[in-house]
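Student: So I've got this file, model_5.tsv, and it contains TSV, C-alpha atoms:
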chain	number	residue	atom	x	y	z
I	6	MET	CA	0.00	0.00	0.00
I	7	LEU	CA	1.27	3.43	-0.96
I	8	SER	CA	0.07	6.34	1.19
I	9	VAL	CA	-0.37	9.11	-1.34
I	10	SER	CA	-1.68	11.45	1.36
I	11	ASN	CA	1.42	10.94	3.48
I	12	LEU	CA	3.96	11.17	0.67
I	13	LEU	CA	2.45	14.22	-1.00
I	14	CYS	CA	0.96	16.05	1.98
I	15	ASP	CA	2.57	14.63	5.14
I	16	HIS	CA	-0.81	13.41	6.36
I	17	LYS	CA	-0.36	11.34	9.52
I	18	ALA	CA	-2.60	8.33	10.05
I	19	GLY	CA	-0.63	6.78	12.91
I	20	ASN	CA	0.55	3.76	10.90
I	21	GLU	CA	3.65	5.29	9.37
I	22	LYS	CA	6.09	3.07	11.30
I	23	LEU	CA	4.38	-0.08	9.98
I	24	ARG	CA	4.03	1.31	6.46
I	25	TYR	CA	7.56	2.65	6.02
I	26	GLY	CA	9.65	0.89	8.65
I	27	HIS	CA	8.80	-2.79	8.48
I	28	LYS	CA	11.94	-3.85	6.63
I	29	ALA	CA	14.02	-2.66	9.57
I	30	ALA	CA	11.65	-4.37	12.01
I	31	ASP	CA	12.55	-7.89	10.81
I	32	ARG	CA	13.78	-10.09	13.63
I	33	ASN	CA	16.56	-12.64	13.16
I	34	GLY	CA	16.34	-12.03	9.42
I	35	THR	CA	12.73	-13.23	9.22
I	36	PRO	CA	10.08	-10.72	8.09
I	37	ARG	CA	6.89	-10.54	10.14
I	38	PRO	CA	4.01	-10.26	7.68
I	39	VAL	CA	0.54	-8.85	7.86
I	40	VAL	CA	-1.50	-12.02	7.36
I	41	VAL	CA	-4.63	-12.06	5.20
I	42	TRP	CA	-6.72	-15.01	6.39
I	43	GLY	CA	-9.55	-15.99	4.09
I	44	VAL	CA	-11.72	-17.68	6.71
I	45	THR	CA	-14.25	-19.02	4.19
I	46	ARG	CA	-14.89	-19.22	0.48
I	47	ALA	CA	-18.60	-18.61	1.06
I	48	CYS	CA	-19.99	-15.29	-0.13
I	49	ASN	CA	-23.42	-13.71	-0.56
I	50	LEU	CA	-22.30	-11.87	-3.72
I	51	ARG	CA	-20.64	-12.88	-6.96
I	52	CYS	CA	-18.29	-10.05	-7.84
I	53	VAL	CA	-16.79	-10.09	-11.33
I	54	HIS	CA	-13.24	-9.44	-10.07
I	55	CYS	CA	-13.27	-11.72	-6.99
I	56	TYR	CA	-9.66	-12.81	-6.39
I	57	ALA	CA	-10.77	-15.74	-4.22
I	58	SER	CA	-13.30	-17.09	-6.75
I	59	ALA	CA	-15.83	-17.14	-3.91
I	60	THR	CA	-18.81	-19.50	-4.01
I	61	PRO	CA	-22.31	-19.46	-2.42
I	62	GLY	CA	-21.22	-21.97	0.22
I	63	PRO	CA	-18.04	-22.85	2.10
I	64	ALA	CA	-15.30	-24.92	0.51
I	65	PRO	CA	-14.78	-28.52	1.67
I	66	GLY	CA	-12.27	-28.83	4.48
I	67	GLU	CA	-12.19	-25.29	5.79
I	68	LEU	CA	-10.31	-24.82	9.05
I	69	THR	CA	-12.40	-25.64	12.10
I	70	HIS	CA	-12.99	-23.20	14.92
I	71	ALA	CA	-10.37	-24.92	17.08
I	72	GLU	CA	-7.86	-24.84	14.22
I	73	GLY	CA	-8.61	-21.16	13.72
I	74	ILE	CA	-7.95	-20.40	17.38
I	75	ALA	CA	-4.65	-22.30	17.19
I	76	LEU	CA	-3.70	-20.36	14.06
I	77	LEU	CA	-4.37	-17.01	15.74
I	78	ASP	CA	-2.33	-18.06	18.78
I	79	ASP	CA	0.56	-19.01	16.47
I	80	LEU	CA	0.35	-15.67	14.65
I	81	LYS	CA	0.42	-13.82	17.95
I	82	GLY	CA	3.40	-15.86	19.13
I	83	PHE	CA	5.17	-15.10	15.85
I	84	ASP	CA	4.62	-11.39	16.48
I	85	VAL	CA	2.84	-10.59	13.20
I	86	PRO	CA	1.71	-6.93	13.02
I	87	ALA	CA	-1.92	-7.75	12.18
I	88	VAL	CA	-4.34	-10.32	10.81
I	89	LEU	CA	-6.93	-9.35	8.20
I	90	PHE	CA	-10.09	-11.46	8.27
I	91	SER	CA	-11.16	-11.92	4.66
I	92	GLY	CA	-12.99	-14.41	2.45
I	93	GLY	CA	-15.19	-14.91	0.47
I	94	GLU	CA	-17.31	-12.86	2.79
I	95	PRO	CA	-15.85	-13.45	6.26
I	96	LEU	CA	-19.13	-12.74	8.05
I	97	ALA	CA	-20.76	-15.57	6.10
I	98	ARG	CA	-18.82	-17.82	8.48
I	99	LYS	CA	-20.83	-17.85	11.70
I	100	ASP	CA	-17.89	-17.95	14.12
I	101	THR	CA	-15.90	-15.12	12.54
I	102	PRO	CA	-16.96	-12.65	15.27
I	103	GLU	CA	-15.72	-15.13	17.89
I	104	LEU	CA	-12.41	-15.45	16.05
I	105	ILE	CA	-12.10	-11.65	15.94
I	106	GLY	CA	-12.87	-11.57	19.64
I	107	HIS	CA	-10.16	-14.12	20.37
I	108	ALA	CA	-7.64	-12.10	18.36
I	109	SER	CA	-8.51	-9.02	20.38
I	110	SER	CA	-8.27	-10.94	23.66
I	111	ILE	CA	-4.68	-12.02	22.98
I	112	GLY	CA	-3.59	-8.61	21.75
I	113	LEU	CA	-3.44	-9.48	18.06
I	114	THR	CA	-4.45	-6.52	15.91
I	115	SER	CA	-7.29	-7.57	13.63
I	116	THR	CA	-9.13	-5.94	10.76
I	117	LEU	CA	-12.06	-7.01	8.62
I	118	SER	CA	-12.43	-7.05	4.82
I	119	THR	CA	-16.13	-7.24	3.95
I	120	ASN	CA	-18.79	-6.32	1.44
I	121	GLY	CA	-20.86	-5.02	4.35
I	122	LEU	CA	-24.16	-6.68	3.50
I	123	LEU	CA	-24.21	-8.75	6.69
I	124	ILE	CA	-23.46	-5.79	8.96
I	125	ASP	CA	-26.88	-4.93	10.37
I	126	ASP	CA	-27.28	-3.03	13.62
I	127	ALA	CA	-26.82	-6.14	15.74
I	128	MET	CA	-23.66	-7.19	13.92
I	129	ALA	CA	-22.24	-3.67	14.07
I	130	ASP	CA	-22.86	-3.62	17.83
I	131	ARG	CA	-21.19	-6.99	18.20
I	132	LEU	CA	-18.12	-6.06	16.16
I	133	ALA	CA	-17.68	-2.86	18.14
I	134	SER	CA	-18.01	-4.71	21.45
I	135	LEU	CA	-15.39	-7.24	20.33
I	136	GLY	CA	-12.88	-4.45	19.83
I	137	LEU	CA	-12.74	-4.38	16.04
I	138	LYS	CA	-10.92	-1.18	15.14
I	139	TYR	CA	-11.05	-1.20	11.34
I	140	ALA	CA	-13.23	-2.51	8.53
I	141	GLY	CA	-12.33	-2.34	4.87
I	142	ILE	CA	-15.57	-2.17	2.87
I	143	SER	CA	-15.69	-2.39	-0.92
I	144	ILE	CA	-17.51	-0.04	-3.27
I	145	ASP	CA	-17.18	-0.54	-7.03
I	146	GLY	CA	-18.60	2.74	-8.30
I	147	VAL	CA	-21.86	4.64	-8.54
I	148	PRO	CA	-24.95	2.68	-7.37
I	149	GLU	CA	-25.99	1.06	-10.66
I	150	ARG	CA	-22.42	0.11	-11.54
I	151	HIS	CA	-21.68	-1.28	-8.08
I	152	ASP	CA	-24.81	-3.42	-8.14
I	153	LYS	CA	-24.01	-4.77	-11.61
I	154	LEU	CA	-20.39	-5.62	-10.79
I	155	ARG	CA	-21.46	-7.21	-7.49
I	156	GLY	CA	-24.32	-9.16	-9.06
I	157	LYS	CA	-27.04	-7.97	-6.67
I	158	PRO	CA	-29.60	-5.16	-7.02
I	159	GLY	CA	-29.63	-2.90	-3.98
I	160	ALA	CA	-26.14	-3.94	-2.86
I	161	PHE	CA	-24.83	-0.36	-3.00
I	162	LEU	CA	-27.39	0.99	-0.55
I	163	GLN	CA	-26.84	-1.93	1.84
I	164	THR	CA	-23.09	-1.44	1.75
I	165	MET	CA	-23.32	2.30	2.39
I	166	ALA	CA	-25.64	1.61	5.31
I	167	ALA	CA	-23.02	-0.75	6.74
I	168	ILE	CA	-20.38	1.96	6.42
I	169	ASP	CA	-22.59	4.37	8.35
I	170	ARG	CA	-23.29	1.77	11.05
I	171	CYS	CA	-19.59	1.15	11.57
I	172	ARG	CA	-18.76	4.83	11.72
I	173	HIS	CA	-21.55	5.55	14.20
I	174	ARG	CA	-19.99	2.96	16.52
I	175	GLY	CA	-16.47	4.29	16.26
I	176	ILE	CA	-15.14	1.61	13.93
I	177	LYS	CA	-12.67	3.09	11.45
I	178	VAL	CA	-13.70	2.46	7.84
I	179	GLY	CA	-11.60	2.17	4.73
I	180	MET	CA	-13.50	2.34	1.44
I	181	ARG	CA	-11.97	-0.01	-1.14
I	182	PHE	CA	-12.31	0.75	-4.83
I	183	THR	CA	-10.80	-1.54	-7.47
I	184	VAL	CA	-10.37	0.61	-10.55
I	185	HIS	CA	-10.54	-0.71	-14.13
I	186	GLY	CA	-11.95	0.25	-17.49
I	187	LEU	CA	-15.57	-0.27	-16.44
I	188	ASN	CA	-15.58	2.16	-13.52
I	189	ARG	CA	-12.62	4.54	-13.90
I	190	TYR	CA	-14.90	7.53	-14.44
I	191	ASP	CA	-16.46	6.96	-10.98
I	192	LEU	CA	-13.29	7.90	-9.09
I	193	ASP	CA	-14.47	11.41	-8.16
I	194	GLU	CA	-17.78	10.05	-6.87
I	195	ILE	CA	-15.83	7.60	-4.69
I	196	PHE	CA	-13.84	10.48	-3.16
I	197	ASP	CA	-17.09	12.37	-2.57
I	198	LEU	CA	-18.68	9.37	-0.85
I	199	CYS	CA	-15.75	9.14	1.53
I	200	LEU	CA	-16.13	12.79	2.51
I	201	GLU	CA	-19.93	12.60	2.84
I	202	HIS	CA	-19.87	9.48	5.04
I	203	ASP	CA	-16.93	10.31	7.32
I	204	VAL	CA	-14.76	7.54	5.87
I	205	GLN	CA	-11.20	7.90	7.14
I	206	ARG	CA	-9.35	5.91	4.47
I	207	LEU	CA	-9.71	5.38	0.73
I	208	CYS	CA	-7.84	2.47	-0.85
I	209	VAL	CA	-7.74	2.55	-4.64
I	210	TYR	CA	-6.74	-0.91	-5.84
I	211	HIS	CA	-5.27	-1.62	-9.25
I	212	LEU	CA	-6.71	-4.77	-10.84
I	213	ALA	CA	-4.89	-8.01	-10.02
I	214	TYR	CA	-5.27	-10.83	-12.54
I	215	SER	CA	-6.35	-13.46	-10.05
I	216	GLY	CA	-9.43	-15.60	-9.54
I	217	ARG	CA	-12.35	-14.18	-11.50
I	218	GLY	CA	-10.28	-11.01	-11.84
I	219	GLY	CA	-8.10	-12.94	-14.26
I	220	SER	CA	-10.84	-12.79	-16.89
I	221	MET	CA	-10.91	-8.97	-16.68
I	222	GLN	CA	-7.52	-8.35	-18.27
I	223	LYS	CA	-9.26	-7.09	-21.40
I	224	VAL	CA	-10.90	-4.25	-19.45
I	225	ASP	CA	-7.86	-3.30	-17.40
I	226	LEU	CA	-6.57	0.23	-17.75
I	227	THR	CA	-4.04	1.09	-20.41
I	228	ALA	CA	-0.84	2.84	-19.36
I	229	THR	CA	-2.28	6.21	-20.39
I	230	GLN	CA	-5.53	5.58	-18.52
I	231	THR	CA	-3.63	4.49	-15.43
I	232	ARG	CA	-1.59	7.68	-15.45
I	233	ASP	CA	-4.78	9.72	-15.81
I	234	VAL	CA	-6.35	7.91	-12.84
I	235	VAL	CA	-3.27	8.27	-10.64
I	236	ASP	CA	-2.93	11.95	-11.59
I	237	ARG	CA	-6.52	12.48	-10.48
I	238	ILE	CA	-5.86	10.65	-7.22
I	239	PHE	CA	-2.97	13.03	-6.59
I	240	GLU	CA	-5.16	16.05	-7.38
I	241	ARG	CA	-8.07	14.98	-5.19
I	242	THR	CA	-5.74	14.02	-2.34
I	243	ARG	CA	-4.11	17.45	-2.32
I	244	GLU	CA	-7.53	19.07	-2.55
I	245	CYS	CA	-8.79	17.09	0.45
I	246	GLN	CA	-5.78	18.09	2.53
I	247	ARG	CA	-6.08	21.77	1.55
I	248	ASN	CA	-9.72	21.73	2.61
I	249	GLY	CA	-9.01	20.16	5.98
I	250	HIS	CA	-10.43	16.69	5.26
I	251	ASN	CA	-8.66	14.02	7.31
I	252	LEU	CA	-8.81	11.38	4.57
I	253	GLU	CA	-5.93	8.96	4.19
I	254	VAL	CA	-5.56	8.00	0.53
I	255	LEU	CA	-3.76	4.83	-0.53
I	256	THR	CA	-3.08	3.11	-3.83
I	257	VAL	CA	-2.63	-0.64	-3.78
I	258	ASP	CA	-1.16	-3.44	-5.93
I	259	ASN	CA	0.84	-1.38	-8.41
I	260	HIS	CA	4.20	-0.26	-7.10
I	261	SER	CA	4.83	1.76	-10.24
I	262	ASP	CA	2.81	4.33	-8.30
I	263	ALA	CA	5.76	4.81	-5.94
I	264	ALA	CA	7.99	5.70	-8.87
I	265	TYR	CA	5.28	7.94	-10.31
I	266	VAL	CA	5.10	9.91	-7.06
I	267	LEU	CA	8.84	10.43	-7.23
I	268	LEU	CA	8.69	11.46	-10.88
I	269	ALA	CA	6.07	14.08	-10.05
I	270	LEU	CA	8.06	15.44	-7.11
I	271	GLU	CA	11.31	15.49	-9.09
I	272	GLN	CA	9.66	18.02	-11.40
I	273	THR	CA	8.12	20.21	-8.71
I	274	ASP	CA	10.05	19.72	-5.46
I	275	PRO	CA	13.36	17.85	-5.81
I	276	GLN	CA	14.20	18.25	-2.11
I	277	ARG	CA	10.94	16.62	-1.09
I	278	ALA	CA	11.49	13.92	-3.71
I	279	GLN	CA	14.67	12.91	-1.90
I	280	LEU	CA	12.91	12.78	1.47
I	281	VAL	CA	10.07	10.72	0.01
I	282	ARG	CA	12.53	8.32	-1.60
I	283	GLU	CA	14.17	7.73	1.76
I	284	ARG	CA	10.76	7.08	3.27
I	285	LEU	CA	9.85	4.60	0.53
I	286	ALA	CA	13.14	2.79	1.03
I	287	GLY	CA	11.75	1.66	4.38
I	288	THR	CA	9.23	-0.42	2.48
I	289	GLY	CA	11.23	-1.53	-0.54
I	290	GLY	CA	8.29	-1.93	-2.90
I	291	ASN	CA	6.21	-5.06	-3.29
I	292	ARG	CA	6.51	-7.25	-0.19
I	293	SER	CA	4.72	-10.44	-1.27
I	294	GLY	CA	6.36	-13.34	0.51
I	295	CYS	CA	8.07	-10.98	2.95
I	296	ASN	CA	5.78	-8.61	4.85
I	297	ILE	CA	2.51	-9.84	3.37
I	298	ALA	CA	1.19	-13.39	3.56
I	299	ALA	CA	-2.13	-15.12	3.00
I	300	ILE	CA	-3.82	-18.22	4.37
I	301	ASP	CA	-6.81	-19.67	2.55
I	302	PRO	CA	-9.87	-21.31	4.16
I	303	MET	CA	-8.26	-24.76	4.05
I	304	GLY	CA	-5.07	-23.59	5.75
I	305	ASN	CA	-2.87	-23.36	2.65
I	306	VAL	CA	-0.23	-20.64	2.91
I	307	HIS	CA	0.33	-18.26	-0.02
I	308	TYR	CA	2.84	-15.49	-0.58
I	309	ASP	CA	0.09	-12.91	-1.05
I	310	GLN	CA	-3.70	-12.73	-1.15
I	311	PHE	CA	-3.85	-13.09	-4.94
I	312	THR	CA	-1.86	-16.28	-5.43
I	313	TRP	CA	-4.42	-18.84	-4.28
I	314	TYR	CA	-3.24	-21.28	-6.97
I	315	TYR	CA	0.24	-21.70	-5.48
I	316	ASN	CA	0.75	-23.23	-2.03
I	317	CYS	CA	3.84	-22.68	0.12
I	318	GLY	CA	2.63	-25.20	2.71
I	319	ASN	CA	-0.33	-25.85	5.01
I	320	VAL	CA	-0.82	-24.84	8.64
I	321	ARG	CA	-2.40	-28.21	9.43
I	322	GLU	CA	0.94	-29.83	8.70
I	323	THR	CA	3.39	-27.10	9.78
I	324	PRO	CA	2.69	-24.01	11.90
I	325	PHE	CA	2.62	-20.80	9.91
I	326	SER	CA	5.45	-19.37	12.00
I	327	GLN	CA	7.71	-22.26	11.02
I	328	LEU	CA	6.75	-22.16	7.35
I	329	TRP	CA	7.44	-18.44	7.13
I	330	ALA	CA	10.68	-18.53	9.10
I	331	GLU	CA	12.19	-21.47	7.22
I	332	ALA	CA	11.06	-20.26	3.77
I	333	SER	CA	11.94	-23.66	2.34
I	334	ASP	CA	9.46	-23.26	-0.52
I	335	GLU	CA	11.35	-22.22	-3.68
I	336	ARG	CA	9.16	-19.27	-4.57
I	337	LEU	CA	9.05	-17.98	-1.02
I	338	SER	CA	12.82	-18.14	-0.84
I	339	ILE	CA	13.26	-16.29	-4.15
I	340	LEU	CA	10.82	-13.57	-3.13
I	341	ARG	CA	13.00	-12.71	-0.12
I	342	ASP	CA	15.79	-11.78	-2.57
I	343	ARG	CA	14.06	-11.46	-5.91
I	344	LYS	CA	15.98	-8.68	-7.65
I	345	PRO	CA	18.52	-10.93	-9.45
I	346	HIS	CA	15.62	-13.04	-10.79
I	347	LEU	CA	13.51	-10.21	-12.22
I	348	PRO	CA	13.39	-9.22	-15.91
I	349	GLU	CA	16.29	-7.13	-17.20
I	350	ARG	CA	14.04	-4.09	-17.55
I	351	CYS	CA	13.28	-4.25	-13.84
I	352	GLN	CA	16.89	-4.85	-12.87
I	353	SER	CA	18.04	-1.77	-14.79
I	354	CYS	CA	15.22	0.46	-13.52
I	355	ARG	CA	16.28	3.34	-11.29
I	356	PHE	CA	13.14	2.79	-9.20
I	357	LEU	CA	13.73	-0.89	-8.44
I	358	ASP	CA	14.39	-0.09	-4.77
I	359	VAL	CA	10.88	1.36	-4.36
I	360	CYS	CA	9.01	-1.07	-6.65
I	361	ASN	CA	10.76	-4.44	-6.28
I	362	GLY	CA	9.38	-5.77	-9.56
I	363	ASN	CA	5.71	-5.07	-8.84
I	364	LEU	CA	3.06	-7.83	-8.56
I	365	ARG	CA	4.26	-11.33	-9.43
I	366	THR	CA	0.72	-12.73	-9.70
I	367	ARG	CA	-0.17	-10.28	-12.44
I	368	ALA	CA	3.10	-11.02	-14.26
I	369	GLU	CA	2.41	-14.75	-14.18
I	370	ALA	CA	-1.18	-14.36	-15.43
I	371	ALA	CA	-0.07	-12.15	-18.32
I	372	THR	CA	3.14	-13.90	-19.38
I	373	GLY	CA	3.02	-17.43	-17.96
I	374	ASP	CA	6.24	-16.67	-16.06
I	375	TRP	CA	5.89	-15.74	-12.40
I	376	LEU	CA	9.21	-13.88	-12.67
I	377	GLY	CA	8.24	-12.15	-15.92
I	378	MET	CA	7.25	-8.54	-16.54
I	379	ASP	CA	4.24	-7.14	-14.77
I	380	PRO	CA	2.27	-5.56	-17.66
I	381	SER	CA	0.86	-2.89	-15.33
I	382	CYS	CA	4.13	-0.98	-15.19
I	383	TYR	CA	3.17	2.26	-16.93
I	384	LEU	CA	6.55	4.02	-16.88
I	385	THR	CA	8.51	4.73	-20.04
I	386	ASP	CA	12.08	3.61	-20.71
I	387	GLU	CA	13.18	7.24	-20.46
I	388	GLU	CA	11.52	7.68	-17.06
I	389	ILE	CA	13.13	4.60	-15.55
I	390	GLY	CA	16.57	5.56	-16.87
I	391	ARG	CA	17.00	2.99	-19.64
I	392	VAL	CA	17.11	5.65	-22.39
I	393	PRO	CA	19.33	8.70	-21.77
I	394	VAL	CA	17.47	11.97	-22.12
I	395	ALA	CA	20.07	13.20	-24.67
I	396	ALA	CA	19.45	10.19	-26.88
I	397	VAL	CA	15.69	10.78	-26.83
I	398	THR	CA	16.19	14.48	-27.67
I	399	SER	CA	18.53	13.78	-30.59
I	400	ALA	CA	16.20	11.17	-32.00
Please rewrite the model in this file as structure tokens.
Tutor:
Amino acid sequence: MLSVSNLLCDHKAGNEKLRYGHKAADRNGTPRPVVVWGVTRACNLRCVHCYASATPGPAPGELTHAEGIALLDDLKGFDVPAVLFSGGEPLARKDTPELIGHASSIGLTSTLSTNGLLIDDAMADRLASLGLKYAGISIDGVPERHDKLRGKPGAFLQTMAAIDRCRHRGIKVGMRFTVHGLNRYDLDEIFDLCLEHDVQRLCVYHLAYSGRGGSMQKVDLTATQTRDVVDRIFERTRECQRNGHNLEVLTVDNHSDAAYVLLALEQTDPQRAQLVRERLAGTGGNRSGCNIAAIDPMGNVHYDQFTWYYNCGNVRETPFSQLWAEASDERLSILRDRKPHLPERCQSCRFLDVCNGNLRTRAEAATGDWLGMDPSCYLTDEEIGRVPVAAVTSA
């Protein structure tokens, strides 16, 4: 996640140490990841870009309640920064509130990723009483577009009602918007919704080619469209800060954005560009397999929340803490030191230290090679330093 509001405007959300300092926080050489736990594959919607390929009911062999408690205890003992309860729709699993409560009781920071449709007043009260501090709730655009992409009439209004219920109970809300060719013109409306409903965080996700999202490559943004969208995010973020709105704005899943921030600052404020680069160095770009991990409903461990098709092990056979510390899986091991394995264009890029080769899942879906080029890099050869400016001018 790239905090545009922090990098451009010095907005403080209180999570800066985690966001920009986690490389230095590794202990004994082993990174402690934020863990995305998909507690169930069951979901009450059928979103066109669902990375988990969620189904109406649970998958066979999902972790039991006792296994879930043991997993949370292991994560706490391993000192992970946080666990994100995801799915499917996590609240479609009846004991998810109890699992959240257990995480809170042992001092494990927990957050919830949800479509919001199951958060009625009673559920909102329960989540607040269990100590849930943050819920990420997805909106896909204006009402008619959201409902179509989510496959359910009226879903937009139900989701916005859930956002209001959470906010009224003091639960921090992050609105999640996955941008692509079908909804890119809704970006301004998404910003407006955040301001109107007292949403504290906006996460704009780039499309990852995973699960049902893999079939949406044909409607992904072009490089020019991506630049237009990111430019508008920059503009609206600065506008929000000028007008006193305490909205944290993040972009997610395309680390070319980090380079693009630096390119913009190099033109307007070189001194700040240097400070921002030092800040970004504390993250080091994409952290799949390092500071981000995922566990699916059956206990399979993955190097991020998009790579459900590749297993690094299973917590029923080996505790997560051991799997992550040993990193005996080939891909997991390579991801810890991936730079020599990336495409030549990445290796020669002057922004490699803040991008780290971008999203491997998207590269694999597009090229068939998990160490290939991520097609969502929208920077030119000149911008990344492969073509000298003099050569471009003389041509």
Student: Per residue of segment 274-362 of chain I within 12 Å of segment 47-60 of chain I, what are the shortest atom pair and its distance in Å to one decimal, counting all atoms listed in the file, with rows by chain and residue number, as a tab-separated table?
Tutor:
residue	atom	partner	partner_atom	distance
I:Ala299	CA	I:Ala57	CA	11.3
I:Ile300	CA	I:Ala57	CA	11.3
I:Asp301	CA	I:Ala57	CA	8.8
I:Pro302	CA	I:Ala47	CA	9.6
I:Asp309	CA	I:Tyr56	CA	11.1
I:Gln310	CA	I:Tyr56	CA	7.9
I:Phe311	CA	I:Tyr56	CA	6.0
I:Thr312	CA	I:Tyr56	CA	8.6
I:Trp313	CA	I:Ala57	CA	7.1
I:Tyr314	CA	I:Ala57	CA	9.7
Student: Excluding same-chain residues fewer than 2 positions from segment 257-274 of chain I, what lies within 8 Å of it counting all atoms listed in the file, as an MDAnalysis selection string?
Tutor: chainID I and resid 6:7 9 12:13 208:213 235 255 276:278 281:282 285 290:291 356 359:364 381:384 388
Student: Tell me, as a PyMOL selection string, which residues lie within 12 Å of Gln246 of chain I, counting all atoms listed in the file; anything in the same chain fewer than 6 positions away does not count.
Tutor: chain I and resi 9-11+13-17+200+239-240+252-254
Student: Could you check which of I:Arg341, I:Lys223, I:Arg174, I:His151 is closest to Gly34 of chain I, using all atoms listed in the file?
Tutor: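 Of the candidates, the smallest distance to Gly34 of chain I is held by I:Arg341.
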Student: Give me, please, the distance in Å between atom CA of Pro63 of chain I and atom CA of Leu96 of chain I, quoted to one decimal.
Tutor: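 Computed distance, atom CA of Pro63 of chain I to atom CA of Leu96 of chain I, equals 11.8 Å.
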Student: Just checking: using all atoms listed in the file, which residue out of I:Phe161, I:Gly294, I:Gly73, I:Gly92 ends up closest to Ala330 of chain I?
Tutor: I:Gly294
Student: Measuring between all atoms listed in the file, which one of I:Ser353, I:His250, I:Leu226, I:Ala129 shows the shortest distance to Thr183 of chain I?
Tutor: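 So, comparing all the options, the nearest one is I:Leu226.
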Student: Rounded to one decimal, what separation in Å do you get between atom CA of Pro65 of chain I and atom CA of Ser333 of chain I?
Tutor: 27.2 Å
Student: Interatomic distance between atom CA of Leu104 of chain I and atom CA of Asp84 of chain I?
Tutor: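 Atom CA of Asp84 of chain I lies at a distance of 17.5 Å from atom CA of Leu104 of chain I.
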Student: Name the residues in contact with segment 136-141 of chain I at a cut-off of 8 Å, using only C-alpha atoms, excluding same-chain residues fewer than 5 positions from it; report them as a list in words.
Tutor: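 Here the answer would be Ile105, Gly106, Ser109, Ser115, Thr116, Leu117, Ser118, Thr119, Cys171, Gly175, Ile176, Lys177, Val178, Gly179, Met180 and Arg181 of chain I.
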Student: Mind writing the picked residues with C-alpha atoms as a short mmCIF file (atom, residue, chain, number, x, y, z; two decimals), keeping the file's coordinate frame?
Tutor:
data_model
loop_
_atom_site.label_atom_id
_atom_site.label_comp_id
_atom_site.auth_asym_id
_atom_site.auth_seq_id
_atom_site.Cartn_x
_atom_site.Cartn_y
_atom_site.Cartn_z
CA ILE I 105 -12.10 -11.65 15.94
CA GLY I 106 -12.87 -11.57 19.64
CA SER I 109 -8.51 -9.02 20.38
CA SER I 115 -7.29 -7.57 13.63
CA THR I 116 -9.13 -5.94 10.76
CA LEU I 117 -12.06 -7.01 8.62
CA SER I 118 -12.43 -7.05 4.82
CA THR I 119 -16.13 -7.24 3.95
CA CYS I 171 -19.59 1.15 11.57
CA GLY I 175 -16.47 4.29 16.26
CA ILE I 176 -15.14 1.61 13.93
CA LYS I 177 -12.67 3.09 11.45
CA VAL I 178 -13.70 2.46 7.84
CA GLY I 179 -11.60 2.17 4.73
CA MET I 180 -13.50 2.34 1.44
CA ARG I 181 -11.97 -0.01 -1.14
#
Student: Nearest residue to Cys354 of chain I out of I:Thr385, I:Thr114, I:Thr35, I:Gln222, using all atoms listed in the file?
Tutor: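 Of the candidates, the smallest distance to Cys354 of chain I is held by I:Thr385.
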Student: Just want the 10 Å neighbourhood of Leu187 of chain I, counted on all atoms listed in the file, with same-chain residues fewer than 2 positions away dropped. Output as a list in words.
Tutor: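 Contacts, in chain order: Asp145, Gly146, Arg150, Leu154, Val184, His185, Arg189, Tyr190, Asp191, Met221, Val224, Asp225 and Leu226 of chain I.
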Student: Which of these residues is nearest to Arg284 of chain I, using all atoms listed in the file: I:Asp126, I:Pro380, I:Asp358, I:Glu335?
Tutor: I:Asp358
Student: Compile the contact shell of segment 321-329 of chain I as number ranges by chain: residues with an atom at most 12 Å away, counting only C-alpha atoms, same-chain residues fewer than 2 positions apart removed.
Tutor: I: 34-40, 42, 66-69, 71-73, 75-85, 293-308, 316-319, 331-338, 340-341
Student: Find, counting all atoms listed in the file, the residue in I:Arg243, I:Arg355, I:Arg365, I:Lys157 that gets nearest to Glu387 of chain I.
Tutor: I:Arg355
Student: Output file request: segment 11-16 of chain I, with N, CA, C and O atoms, as a compact mmCIF listing (two decimals), in the first residue's frame.
Tutor:
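Saved result, part07.txt, follows:
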# COMPACT_ATOMS: atom_id res chain seq x y z
N ASN I 11 0.24 10.72 2.66
CA ASN I 11 1.42 10.94 3.48
C ASN I 11 2.59 11.44 2.64
O ASN I 11 3.29 12.39 3.01
N LEU I 12 2.80 10.82 1.49
CA LEU I 12 3.96 11.17 0.67
C LEU I 12 3.84 12.55 0.05
O LEU I 12 4.82 13.29 -0.04
N LEU I 13 2.64 12.93 -0.36
CA LEU I 13 2.45 14.22 -1.00
C LEU I 13 2.16 15.35 -0.02
O LEU I 13 2.53 16.49 -0.25
N CYS I 14 1.48 15.00 1.10
CA CYS I 14 0.96 16.05 1.98
C CYS I 14 1.34 15.89 3.45
O CYS I 14 0.86 16.65 4.29
N ASP I 15 2.15 14.89 3.75
CA ASP I 15 2.57 14.63 5.14
C ASP I 15 1.39 14.34 6.06
O ASP I 15 1.46 14.59 7.27
N HIS I 16 0.32 13.81 5.52
CA HIS I 16 -0.81 13.41 6.36
C HIS I 16 -0.38 12.27 7.26
O HIS I 16 0.26 11.31 6.84
